$ cat final.txt   # compact mmCIF, C-alpha atoms
# COMPACT_ATOMS: atom_id res chain seq x y z
CA MET A 24 85.63 32.43 207.57
CA VAL A 25 84.21 28.97 207.36
CA GLU A 26 81.83 28.21 210.12
CA GLN A 27 82.04 24.67 211.37
CA HIS A 28 78.66 23.22 212.16
CA ARG A 29 79.97 20.31 214.14
CA ASP A 30 79.54 19.18 217.70
CA VAL A 31 82.40 18.07 219.95
CA GLY A 32 82.24 14.51 218.67
CA GLY A 33 82.80 15.69 215.10
CA ASN A 34 79.24 14.93 214.00
CA PRO A 35 77.28 17.64 212.26
CA ASP A 36 75.14 19.59 214.72
CA ARG A 37 71.74 18.01 214.16
CA SER A 38 69.49 20.43 216.02
CA GLY A 39 71.22 23.37 214.37
CA PHE A 40 70.73 21.71 211.02
CA GLU A 41 67.05 21.05 211.62
CA GLN A 42 66.54 24.62 212.77
CA VAL A 43 68.02 26.03 209.59
CA PHE A 44 66.62 23.59 207.04
CA LEU A 45 63.39 21.98 208.24
CA PRO A 46 61.49 25.26 207.69
CA HIS A 47 62.17 24.75 203.97
CA LEU A 48 60.48 21.34 203.94
CA ASP A 49 57.31 22.54 202.19
CA ALA A 50 59.21 24.57 199.60
CA ALA A 51 61.44 21.57 198.92
CA TYR A 52 58.52 19.21 198.65
CA ASN A 53 56.64 21.55 196.33
CA LEU A 54 59.55 21.76 193.90
CA ALA A 55 60.24 18.01 194.05
CA ARG A 56 56.56 17.20 193.55
CA TRP A 57 56.29 19.46 190.51
CA LEU A 58 59.48 18.10 189.00
CA LEU A 59 58.91 14.41 189.71
CA ARG A 60 55.12 14.43 189.34
CA ASN A 61 54.27 11.93 192.06
CA ASP A 62 54.16 11.90 195.85
CA GLN A 63 56.36 8.90 196.49
CA ASP A 64 59.28 10.03 194.34
CA ALA A 65 58.98 13.56 195.69
CA GLU A 66 59.16 12.32 199.29
CA ASP A 67 62.17 10.12 198.52
CA ALA A 68 63.95 13.00 196.80
CA VAL A 69 63.30 15.38 199.68
CA GLN A 70 64.57 12.87 202.23
CA GLU A 71 67.65 12.15 200.15
CA ALA A 72 68.32 15.90 199.84
CA TYR A 73 68.09 16.32 203.61
CA MET A 74 70.58 13.51 204.16
CA ARG A 75 72.99 14.96 201.62
CA ALA A 76 72.64 18.44 203.06
CA TYR A 77 73.22 17.09 206.55
CA LYS A 78 76.44 15.40 205.50
CA ALA A 79 77.56 18.60 203.79
CA PHE A 80 76.40 20.84 206.64
CA ALA A 81 79.94 21.38 207.93
CA ARG A 82 80.65 23.19 204.68
CA PHE A 83 77.54 25.36 204.78
CA ARG A 84 78.91 28.87 205.03
CA GLY A 85 75.80 30.49 206.41
CA GLY A 86 73.82 32.93 204.33
CA ASP A 87 70.94 31.82 202.17
CA GLY A 88 70.07 28.38 203.53
CA LYS A 89 67.05 28.05 201.30
CA ALA A 90 69.01 28.52 198.07
CA TRP A 91 71.78 26.23 199.31
CA PHE A 92 69.33 23.50 200.18
CA MET A 93 67.23 23.89 197.04
CA THR A 94 70.40 23.49 194.95
CA ILE A 95 71.03 20.11 196.55
CA LEU A 96 67.39 19.11 196.20
CA ARG A 97 67.32 20.11 192.55
CA ASN A 98 70.36 17.94 191.88
CA VAL A 99 68.73 14.96 193.57
CA CYS A 100 65.56 15.51 191.54
CA TYR A 101 67.37 15.65 188.21
CA THR A 102 69.37 12.54 189.04
CA MET A 103 66.08 10.77 189.80
CA ILE A 104 64.39 12.10 186.68
CA LYS A 105 67.22 10.69 184.64
CA LYS A 106 66.87 7.29 186.27
CA LEU A 107 63.08 7.26 186.10
CA ARG A 108 62.91 8.30 182.50
CA SER A 109 65.94 6.42 181.26
CA HIS A 110 63.69 4.20 179.14
CA GLU A 111 62.25 7.21 177.36
CA THR A 112 64.15 8.98 174.63
CA PRO A 113 65.48 12.05 176.34
CA GLU A 114 64.28 15.20 174.64
CA PRO A 115 67.07 17.74 174.76
CA PHE A 116 65.90 21.04 176.09
CA ASP A 117 66.32 23.80 173.57
CA GLU A 118 65.13 27.27 174.39
CA GLU A 119 64.92 28.13 170.70
CA ILE A 120 62.59 25.22 169.98
CA HIS A 121 60.45 26.29 172.89
CA GLN A 122 59.86 29.69 171.41
CA THR A 123 56.20 30.45 171.46
CA MET A 124 53.72 32.06 169.18
CA GLY A 125 53.52 35.82 168.83
CA GLU A 126 52.90 37.71 172.06
CA SER A 127 50.05 39.81 170.78
CA GLU A 128 48.10 36.86 169.38
CA MET A 129 48.44 35.23 172.75
CA GLN A 130 47.28 38.32 174.55
CA GLU A 131 44.26 38.42 172.33
CA ALA A 132 43.41 34.76 172.78
CA PHE A 133 44.01 34.64 176.48
CA ARG A 134 40.90 34.98 178.56
CA GLN A 135 40.95 34.74 182.28
CA LYS A 136 38.90 31.62 182.34
CA ALA A 137 41.70 29.41 183.49
CA ASN A 138 41.01 27.56 186.69
CA ALA A 139 43.16 25.51 189.00
CA GLU A 140 42.62 22.42 186.89
CA SER A 141 43.64 23.92 183.58
CA LEU A 142 46.62 25.70 185.16
CA HIS A 143 47.80 22.50 186.73
CA GLY A 144 47.52 20.71 183.40
CA ALA A 145 49.28 23.48 181.52
CA LEU A 146 52.13 23.63 184.02
CA GLU A 147 52.53 19.85 183.88
CA LYS A 148 52.99 20.08 180.12
CA LEU A 149 55.92 22.48 180.32
CA PRO A 150 59.48 21.18 179.96
CA ASP A 151 61.18 20.60 183.33
CA GLU A 152 63.30 23.75 183.10
CA PHE A 153 60.24 25.95 182.46
CA ARG A 154 58.09 24.27 185.12
CA GLU A 155 60.88 24.55 187.61
CA ILE A 156 61.46 28.25 187.10
CA ILE A 157 57.76 29.08 187.46
CA VAL A 158 57.55 26.99 190.64
CA LEU A 159 60.67 28.61 192.10
CA HIS A 160 59.65 32.15 191.23
CA ASP A 161 55.88 32.37 191.20
CA LEU A 162 55.08 29.75 193.84
CA GLU A 163 58.12 29.77 196.11
CA GLY A 164 58.89 33.46 195.71
CA LEU A 165 62.63 33.05 195.10
CA ALA A 166 64.35 36.14 193.70
CA TYR A 167 66.15 35.97 190.33
CA LYS A 168 69.47 35.92 192.16
CA GLU A 169 68.45 32.94 194.27
CA ILE A 170 67.14 31.06 191.25
CA ALA A 171 70.43 31.74 189.46
CA ALA A 172 72.26 30.15 192.39
CA VAL A 173 69.90 27.18 192.63
CA ALA A 174 69.80 26.39 188.92
CA GLY A 175 73.43 27.32 188.27
CA ILE A 176 72.60 29.77 185.49
CA PRO A 177 73.34 33.49 185.01
CA ILE A 178 70.69 36.01 186.07
CA GLY A 179 70.16 37.02 182.45
CA THR A 180 69.19 33.46 181.65
CA VAL A 181 66.80 33.40 184.62
CA MET A 182 65.13 36.48 183.19
CA SER A 183 64.78 35.19 179.63
CA ARG A 184 63.84 31.68 180.69
CA LEU A 185 61.14 32.93 183.03
CA ALA A 186 59.73 35.11 180.24
CA ARG A 187 59.66 32.15 177.88
CA ALA A 188 58.21 29.85 180.51
CA ARG A 189 55.35 32.28 181.12
CA ALA A 190 54.73 32.74 177.41
CA ARG A 191 54.71 29.00 176.96
CA LEU A 192 52.33 28.54 179.89
CA ARG A 193 50.02 31.06 178.28
CA THR A 194 50.15 29.09 175.03
CA GLU A 195 49.26 25.89 176.86
CA LEU A 196 46.36 27.58 178.65
CA VAL A 197 44.97 28.96 175.42
CA ALA A 198 45.34 25.59 173.74
CA ALA A 199 43.52 23.93 176.63
CA GLN A 200 40.69 26.47 176.35
CA ALA A 201 40.46 25.91 172.62
CA ARG A 202 40.13 22.15 173.19
CA GLU A 203 37.43 22.76 175.77
CA ALA A 204 35.49 24.94 173.36
CA LEU A 205 35.34 22.17 170.78
CA MET B 29 64.44 57.21 176.88
CA MET B 30 64.25 53.46 176.62
CA ASN B 31 63.36 51.97 173.24
CA HIS B 32 60.33 49.77 172.83
CA ASP B 33 62.09 46.41 172.43
CA GLU B 34 64.15 46.87 175.54
CA ALA B 35 61.11 48.01 177.48
CA ALA B 36 59.05 45.04 176.30
CA ARG B 37 61.81 42.68 177.38
CA LEU B 38 61.99 44.24 180.84
CA LEU B 39 58.28 44.12 181.65
CA GLY B 40 58.58 40.75 183.35
CA PRO B 41 61.48 41.75 185.61
CA TYR B 42 59.66 45.05 186.22
CA GLN B 43 56.54 43.44 187.58
CA ASP B 44 58.71 40.98 189.53
CA GLY B 45 60.39 43.93 191.25
CA GLU B 46 63.80 42.90 189.91
CA LEU B 47 64.82 46.14 188.20
CA ASP B 48 67.13 48.68 189.75
CA LEU B 49 65.73 52.12 190.42
CA THR B 50 67.26 53.84 187.39
CA THR B 51 66.03 51.22 184.94
CA CYS B 52 62.66 51.31 186.65
CA VAL B 53 62.34 55.04 186.12
CA ARG B 54 63.42 54.79 182.48
CA LEU B 55 60.96 51.97 181.85
CA GLU B 56 58.12 53.88 183.47
CA GLU B 57 58.86 56.86 181.22
CA HIS B 58 58.43 54.63 178.18
CA LEU B 59 55.44 52.87 179.65
CA ALA B 60 53.56 56.13 180.16
CA GLY B 61 53.54 56.74 176.42
CA CYS B 62 53.23 53.20 175.06
CA PRO B 63 49.78 51.59 175.06
CA LEU B 64 51.24 48.35 173.68
CA CYS B 65 53.57 47.92 176.66
CA GLN B 66 50.77 48.89 179.04
CA GLN B 67 48.60 46.19 177.57
CA LYS B 68 51.40 43.66 177.69
CA LEU B 69 52.16 44.50 181.30
CA ALA B 70 48.50 44.05 182.23
CA GLY B 71 48.54 40.65 180.55
CA GLU B 72 51.69 39.65 182.40
CA ARG B 73 50.16 40.73 185.72
CA GLU B 74 47.01 38.81 184.95
CA LEU B 75 48.95 35.64 184.29
CA THR B 76 51.20 35.82 187.35
CA GLU B 77 48.26 36.60 189.59
CA LEU B 78 46.46 33.64 188.13
CA ILE B 79 49.43 31.37 188.73
CA GLY B 80 49.72 32.59 192.29
CA ALA B 81 46.03 32.23 192.99
CA GLU B 82 45.17 29.03 191.17
CA THR B 83 48.23 26.82 191.14
CA PRO B 84 48.27 24.26 193.91
CA ARG B 85 51.31 24.43 196.13
CA PHE B 86 52.05 20.93 197.33
CA THR B 87 52.83 20.63 201.00
CA ALA B 88 54.76 17.87 202.69
CA SER B 89 52.82 15.41 204.81
CA PRO B 90 53.59 15.43 208.54
CA PHE B 91 54.86 11.87 208.13
CA LEU B 92 57.61 13.03 205.81
CA LYS B 93 58.93 15.38 208.45
CA THR B 94 58.92 12.58 211.04
CA ARG B 95 60.61 10.25 208.59
CA ILE B 96 63.35 12.77 207.82
CA GLN B 97 63.96 13.53 211.49
CA ALA B 98 64.29 9.82 212.22
CA ALA B 99 66.73 9.38 209.36
CA LEU B 100 68.78 12.34 210.58
CA ARG B 101 68.83 10.89 214.10
CA SER B 102 70.13 7.56 212.94
CA GLU B 103 72.63 9.28 210.66
CA SER B 104 74.05 11.36 213.49
CA ALA B 105 74.11 8.34 215.81
CA ALA B 106 76.19 6.37 213.31
CA PRO B 107 79.91 6.45 214.00
CA GLU B 108 81.71 8.79 211.66
CA THR B 109 83.98 6.47 209.79
CA MET B 110 85.62 9.22 207.80
CA HIS B 111 87.25 10.74 210.83
CA TRP B 112 88.08 7.69 212.88
CA TRP B 113 91.77 8.51 212.65
CA LYS B 114 91.18 11.69 214.59
CA GLN B 115 90.52 9.54 217.60
CA LEU B 116 93.96 7.96 217.52
CA SER B 117 95.93 8.96 220.55
CA PRO B 118 98.95 11.17 219.78
CA ALA B 119 100.99 8.96 222.14
CA TRP B 120 100.53 6.17 219.65
CA LEU B 121 101.89 8.22 216.84
CA SER B 122 104.88 9.42 218.83
CA SER B 123 106.06 5.93 219.57
CA GLY B 124 108.24 4.92 216.65
CA LEU B 125 107.36 1.28 216.13
CA ALA B 126 103.68 1.74 216.78
CA GLY B 127 103.81 4.77 214.55
CA ALA B 128 105.20 2.72 211.71
CA ALA B 129 102.51 0.12 212.29
CA VAL B 130 99.86 2.81 212.12
CA VAL B 131 101.31 4.09 208.89
CA LEU B 132 101.15 0.58 207.43
CA VAL B 133 97.58 0.15 208.57
CA LEU B 134 96.71 3.55 207.17
CA LEU B 135 98.29 2.65 203.86
CA ALA B 136 96.42 -0.63 203.68
CA ILE B 137 93.12 0.99 204.54
CA GLY B 138 93.87 3.86 202.21
CA LEU B 139 94.48 1.50 199.33
CA SER B 140 91.39 -0.57 199.97
CA SER B 141 89.17 2.49 200.26
CA MET B 142 90.53 3.81 197.00
CA ALA B 143 88.49 1.33 195.05
CA GLY B 144 86.31 3.11 192.51
CA ILE B 145 83.41 5.08 193.83
CA PRO B 146 80.75 4.29 191.23
CA GLU B 147 78.20 6.53 192.96
CA LEU B 148 80.48 9.50 192.49
CA ASP B 149 81.12 8.56 188.86
CA GLN B 150 77.38 8.20 188.30
CA ASP B 151 76.65 11.56 189.89
CA ALA B 152 79.38 13.16 187.81
CA ILE B 153 77.95 11.64 184.63
CA ALA B 154 74.48 12.85 185.60
CA ASN B 155 75.92 16.35 186.11
CA HIS B 156 77.64 16.15 182.75
CA VAL B 157 74.47 15.09 180.96
CA ARG B 158 72.46 17.80 182.67
CA SER B 159 75.08 20.38 181.78
CA LEU B 160 74.51 19.60 178.12
CA GLN B 161 70.80 20.21 178.47
CA ALA B 162 69.28 23.64 178.84
CA SER B 163 71.81 26.44 178.96
CA HIS B 164 73.36 24.99 182.05
CA LEU B 165 76.72 24.21 180.48
CA MET B 166 78.58 27.37 181.41
CA ASP B 167 78.27 30.20 183.88
CA VAL B 168 81.42 31.87 182.66
CA VAL B 169 82.17 31.67 178.97
CA SER B 170 85.80 32.14 178.16
CA THR B 171 88.64 30.47 176.35
CA ASP B 172 91.10 32.19 178.64
CA GLN B 173 92.29 30.30 181.71
CA HIS B 174 93.05 33.64 183.37
CA THR B 175 89.38 34.56 183.14
CA VAL B 176 87.96 31.23 184.17
CA LYS B 177 90.12 30.72 187.24
CA PRO B 178 89.43 34.10 188.91
CA TRP B 179 85.71 33.67 188.21
CA PHE B 180 85.63 30.96 190.88
CA ALA B 181 87.17 33.24 193.49
CA GLY B 182 84.56 34.07 196.08
CA LYS B 183 82.32 31.26 194.85
CA LEU B 184 84.42 28.43 196.20
CA ASP B 185 86.66 28.12 199.23
CA TYR B 186 89.52 26.89 197.06
CA SER B 187 91.01 27.87 193.74
CA PRO B 188 90.95 25.25 190.99
CA GLN B 189 93.86 24.97 188.59
CA VAL B 190 92.67 25.69 185.07
CA VAL B 191 94.94 24.31 182.38
CA ASP B 192 94.85 25.40 178.76
CA LEU B 193 94.78 22.58 176.21
CA GLY B 194 93.75 24.67 173.21
CA LEU B 195 96.92 23.89 171.28
CA SER B 196 96.35 20.18 171.76
CA GLY B 197 92.89 20.32 170.23
CA TYR B 198 90.89 20.48 173.46
CA PRO B 199 90.04 24.16 173.82
CA LEU B 200 88.87 25.49 177.14
CA ILE B 201 85.42 27.01 176.71
CA GLY B 202 84.29 28.00 180.18
CA GLY B 203 83.45 27.14 183.74
CA ARG B 204 80.49 26.49 185.98
CA LEU B 205 79.63 25.84 189.60
CA ASP B 206 78.20 22.41 190.23
CA VAL B 207 77.45 20.11 193.13
CA LEU B 208 79.25 16.82 193.53
CA ASP B 209 80.40 14.71 196.45
CA HIS B 210 77.94 16.70 198.59
CA ARG B 211 79.65 20.02 198.02
CA ASP B 212 80.10 22.88 195.59
CA VAL B 213 82.71 22.03 193.00
CA ALA B 214 84.32 23.75 190.04
CA ALA B 215 83.38 22.38 186.64
CA ILE B 216 85.78 23.35 183.86
CA ILE B 217 84.45 22.73 180.37
CA TYR B 218 86.57 21.71 177.41
CA GLN B 219 85.51 21.01 173.88
CA ARG B 220 86.62 18.39 171.39
CA ARG B 221 84.88 18.87 168.06
CA LYS B 222 81.18 18.70 168.96
CA HIS B 223 81.77 16.95 172.27
CA TYR B 224 82.18 18.48 175.66
CA ILE B 225 84.25 17.40 178.61
CA ASN B 226 83.37 18.40 182.13
CA LEU B 227 86.35 18.43 184.46
CA PHE B 228 85.22 18.60 188.08
CA ILE B 229 87.79 19.81 190.60
CA TRP B 230 87.47 19.92 194.37
CA PRO B 231 89.62 19.37 197.46
CA ALA B 232 90.24 15.71 198.20
CA GLY B 233 88.49 14.43 201.29
CA ALA B 234 89.02 11.18 203.10
CA HIS B 235 89.05 9.08 199.96
CA ALA B 236 91.41 9.46 197.05
CA LEU B 237 90.07 8.83 193.57
CA ARG B 238 91.62 5.90 191.83
CA ASP B 239 92.78 6.33 188.31
CA ARG B 240 90.17 4.00 186.89
CA LEU B 241 87.86 4.41 183.93
CA TYR B 242 84.16 4.09 184.60
CA ASN B 243 81.77 3.55 181.68
CA GLN B 244 78.04 4.04 181.60
CA ASN B 245 75.78 4.31 178.57
CA GLY B 246 78.53 5.64 176.37
CA TYR B 247 79.80 8.13 178.93
CA HIS B 248 83.25 7.84 180.47
CA ALA B 249 84.27 9.05 183.88
CA LEU B 250 87.77 9.00 185.27
CA GLY B 251 88.87 10.42 188.58
CA TRP B 252 92.25 10.95 190.15
CA THR B 253 93.69 12.77 193.11
CA ARG B 254 96.70 15.01 192.92
CA SER B 255 98.21 17.58 195.26
CA GLY B 256 95.29 17.26 197.63
CA MET B 257 92.72 17.89 194.91
CA ASN B 258 90.23 15.52 193.32
CA TYR B 259 89.85 15.65 189.55
CA LEU B 260 87.01 13.89 187.80
CA ALA B 261 86.66 14.10 184.04
CA VAL B 262 83.43 13.10 182.28
CA SER B 263 82.61 12.96 178.60
CA GLU B 264 80.90 11.07 175.82
CA LEU B 265 84.11 11.26 173.76
CA GLY B 266 85.65 8.06 172.46
CA GLU B 267 87.77 6.27 175.02
CA LYS B 268 91.10 6.98 173.38
CA GLU B 269 90.57 10.71 173.02
CA PHE B 270 89.15 10.81 176.52
CA ARG B 271 92.23 9.14 177.95
CA ASP B 272 94.48 11.48 175.93
CA PHE B 273 92.67 14.40 177.49
CA VAL B 274 93.10 13.00 180.99
CA THR B 275 96.80 12.38 180.44
CA MET B 276 97.29 15.94 179.19
CA VAL B 277 95.50 17.44 182.16
CA GLN B 278 97.53 15.27 184.52
CA ASP B 279 100.78 16.32 182.81
CA GLN B 280 99.94 19.99 182.92
CA THR B 281 98.61 20.18 186.45
CA VAL B 282 101.37 21.86 188.35
CA ASP B 283 102.26 19.92 191.45
CA THR B 284 101.72 22.38 194.25
CA ARG B 285 100.26 21.67 197.61
CA PRO B 286 97.45 24.04 198.45
CA GLY B 287 98.83 26.84 200.59
CA GLU B 288 102.28 26.78 199.06
$ encode --input "final.txt" --output "structure tokens"
Amino acid sequence: MVEQHRDVGGNPDRSGFEQVFLPHLDAAYNLARWLLRNDQDAEDAVQEAYMRAYKAFARFRGGDGKAWFMTILRNVCYTMIKKLRSHETPEPFDEEIHQTMGESEMQEAFRQKANAESLHGALEKLPDEFREIIVLHDLEGLAYKEIAAVAGIPIGTVMSRLARARARLRTELVAAQAREAL
Amino acid sequence: MMNHDEAARLLGPYQDGELDLTTCVRLEEHLAGCPLCQQKLAGERELTELIGAETPRFTASPFLKTRIQAALRSESAAPETMHWWKQLSPAWLSSGLAGAAVVLVLLAIGLSSMAGIPELDQDAIANHVRSLQASHLMDVVSTDQHTVKPWFAGKLDYSPQVVDLGLSGYPLIGGRLDVLDHRDVAAIIYQRRKHYINLFIWPAGAHALRDRLYNQNGYHALGWTRSGMNYLAVSELGEKEFRDFVTMVQDQTVDTRPGE
């Protein structure tokens, strides 16, 4: 049963829309800000996502509004990233290439000295797909299933990508600490 | 009892609370006797706690909320051009001559609004490019149209026609959910040598897609509307092969109205 979120005039029901989706504003902004790396672009992306979602609201079938909205936002962000970085040579994302050094070496090298600054730097260095999955899971608290819906990937991929993203983050943190020690 | 490799792989999902009860119990059995896994789990916990505690979560400024609300207000105040025809009085349509006039007007407007929709083509190309990055290309991997088509059931409120072009040198390799034209759409993926073709399919809305090739940075996009469905093919294939593909899909799409 498709619920129609429209008022009598045929326009999407604005207050209903705001009630469902404005609570996700911070989550949306956080993801956009981490993906786009600056305030202005993040704000534009979030606004664009709200407009798109509003126009598509009649087709929203209830259920997980956050995942539905984050899917739209993520699309807007990637379209913007492509435009913003069109002058750079795109680096294809390859999970194999982003394999990290041995787990046990990492474990050994990793000391809990990381602070907000080094974590921020390390997270910034991750490829978009890795940064995104850590933001969605560890910061926004989305479940694997929700991330699968948002990123359009199978749950198994969510699991392996998150593992690799964390391992890679650890590598970056250790590398940052090593540089500091010099 | 779970073996070590499997256990090590499941430590992340375990600490994320994503394992089902049975797997959980099996993993804990292994964990109890494996110092290596215990150590690894502690390290994983340490890292996630650190991320949670130390990573800044950006929050939207209050101005952004105001700005969005204002934009929504002006959007909802704008007349809805897509559905203007709904406001036509039925009396109009019942009167023969006026009815014919309306049909003519509708045709004229229909034709003029069928001009290419570059935004849609651009979005479709962006989707195509993104699908080639990461492992985003396919959610269902299959060369069988009878596997790909049912996969969309329950994920979309329509059923896309999946044609098999394997014998013509464009094998079907899978399907994916994507977002285009502000809605969830089916993306069917075909392969031609090392190139991929994304074929997006979704119910036609107010505007029909005109059969016109759109080019951007070496990517082609071509959309058409048939039997109430929009089709939009995107690829980096050469133009000739791309057009061949489109023609084959058009020839093989069975002409049925949805609901028949």
$ closest_residue --input "final.txt" --among "B:Met29, B:Val207, B:Leu250, B:Val282" --to "B:Glu267" --atoms "all atoms listed in the file"
B:Leu250
$ closest_atom_pairs --input "final.txt" --of "chain B" --to "chain A" --cutoff "8 Å" --atoms "all atoms listed in the file" --output "CSV"
residue,atom,partner,partner_atom,distance
B:Gly40,CA,A:Ala186,CA,6.5
B:Pro41,CA,A:Met182,CA,6.9
B:Glu46,CA,A:Tyr167,CA,7.3
B:Lys68,CA,A:Gln130,CA,7.4
B:Gly71,CA,A:Gln130,CA,6.6
B:Glu74,CA,A:Gln135,CA,7.8
B:Leu75,CA,A:Arg193,CA,7.6
B:Thr76,CA,A:Asp161,CA,7.0
B:Leu78,CA,A:Ala137,CA,7.9
B:Ile79,CA,A:Asp161,CA,7.0
B:Gly80,CA,A:Asp161,CA,6.3
B:Glu82,CA,A:Ala139,CA,4.6
B:Thr83,CA,A:Ala139,CA,5.7
B:Pro84,CA,A:Ala139,CA,7.2
B:Arg85,CA,A:Asn53,CA,6.1
B:Phe86,CA,A:Asn53,CA,4.7
B:Thr87,CA,A:Asp49,CA,5.0
B:Ala88,CA,A:Asp49,CA,5.3
B:Leu92,CA,A:Glu66,CA,6.7
B:Lys93,CA,A:Leu48,CA,7.6
B:Arg95,CA,A:Gln70,CA,7.9
B:Ile96,CA,A:Gln70,CA,5.7
B:Ala99,CA,A:Met74,CA,7.7
B:Leu100,CA,A:Met74,CA,6.8
B:Arg101,CA,A:Arg37,CA,7.7
B:Ser104,CA,A:Asn34,CA,6.3
B:Glu108,CA,A:Asn34,CA,7.0
B:His111,CA,A:Gly33,CA,7.9
B:Asp151,CA,A:Thr102,CA,7.4
B:Ala154,CA,A:Thr102,CA,6.2
B:Arg158,CA,A:Tyr101,CA,7.8
B:Gln161,CA,A:Phe116,CA,5.5
B:Ala162,CA,A:Phe116,CA,5.1
B:Ser163,CA,A:Ile176,CA,7.4
B:His164,CA,A:Ile176,CA,5.9
B:Met166,CA,A:Ile176,CA,7.6
B:Asp167,CA,A:Ile176,CA,5.9
B:Arg204,CA,A:Gly175,CA,7.5
B:Leu205,CA,A:Gly175,CA,6.5
B:Asp206,CA,A:Gly175,CA,7.1
B:Val207,CA,A:Ile95,CA,7.3
B:His210,CA,A:Ala79,CA,5.5
B:Arg211,CA,A:Ala79,CA,6.3
$ atom_distance --input "final.txt" --atom1 "atom CA of B:Ile225" --atom2 "atom CA of B:Glu264"
7.7 Å
$ atom_distance --input "final.txt" --atom1 "atom CA of B:Asp209" --atom2 "atom CA of B:Ala232"
10.0 Å
$ decode --input "final.txt" --residues "stretch 147-200 of chain B" --atoms "C-alpha atoms" --output "CSV table (one decimal), in the first residue's frame"
chain,number,residue,atom,x,y,z
B,147,GLU,CA,20.0,17.0,-15.8
B,148,LEU,CA,18.6,13.5,-15.9
B,149,ASP,CA,21.2,12.4,-18.3
B,150,GLN,CA,23.9,14.0,-16.1
B,151,ASP,CA,22.5,12.3,-13.0
B,152,ALA,CA,22.4,9.0,-14.8
B,153,ILE,CA,26.0,9.3,-16.0
B,154,ALA,CA,27.0,10.2,-12.5
B,155,ASN,CA,25.2,7.1,-11.2
B,156,HIS,CA,26.9,5.0,-13.9
B,157,VAL,CA,30.4,6.4,-13.0
B,158,ARG,CA,29.8,5.8,-9.3
B,159,SER,CA,28.6,2.3,-10.0
B,160,LEU,CA,31.9,1.5,-11.6
B,161,GLN,CA,33.7,2.6,-8.4
B,162,ALA,CA,33.8,0.7,-5.2
B,163,SER,CA,31.8,-2.5,-5.3
B,164,HIS,CA,28.7,-0.6,-6.0
B,165,LEU,CA,28.1,-2.0,-9.5
B,166,MET,CA,25.7,-4.9,-8.5
B,167,ASP,CA,23.5,-5.9,-5.7
B,168,VAL,CA,22.4,-9.1,-7.4
B,169,VAL,CA,24.9,-10.9,-9.5
B,170,SER,CA,23.4,-13.1,-12.1
B,171,THR,CA,23.4,-13.7,-15.8
B,172,ASP,CA,19.9,-15.0,-15.6
B,173,GLN,CA,17.1,-12.6,-16.3
B,174,HIS,CA,14.8,-14.9,-14.3
B,175,THR,CA,17.0,-14.2,-11.2
B,176,VAL,CA,17.5,-10.5,-11.8
B,177,LYS,CA,13.8,-9.6,-12.3
B,178,PRO,CA,12.4,-11.3,-9.2
B,179,TRP,CA,15.2,-9.7,-7.1
B,180,PHE,CA,13.5,-6.3,-7.6
B,181,ALA,CA,10.2,-7.6,-6.3
B,182,GLY,CA,9.5,-6.0,-2.9
B,183,LYS,CA,12.3,-3.5,-3.5
B,184,LEU,CA,10.4,-1.4,-6.1
B,185,ASP,CA,6.7,-0.7,-6.6
B,186,TYR,CA,7.0,-1.9,-10.2
B,187,SER,CA,8.6,-4.8,-12.0
B,188,PRO,CA,11.2,-3.9,-14.6
B,189,GLN,CA,11.5,-5.9,-17.8
B,190,VAL,CA,14.9,-7.6,-18.0
B,191,VAL,CA,15.9,-8.6,-21.4
B,192,ASP,CA,18.7,-11.1,-22.2
B,193,LEU,CA,21.2,-10.0,-24.8
B,194,GLY,CA,23.8,-12.6,-24.1
B,195,LEU,CA,23.6,-14.1,-27.6
B,196,SER,CA,24.2,-10.7,-29.1
B,197,GLY,CA,27.4,-10.1,-27.2
B,198,TYR,CA,26.0,-8.0,-24.4
B,199,PRO,CA,25.6,-10.4,-21.5
B,200,LEU,CA,23.4,-9.5,-18.6
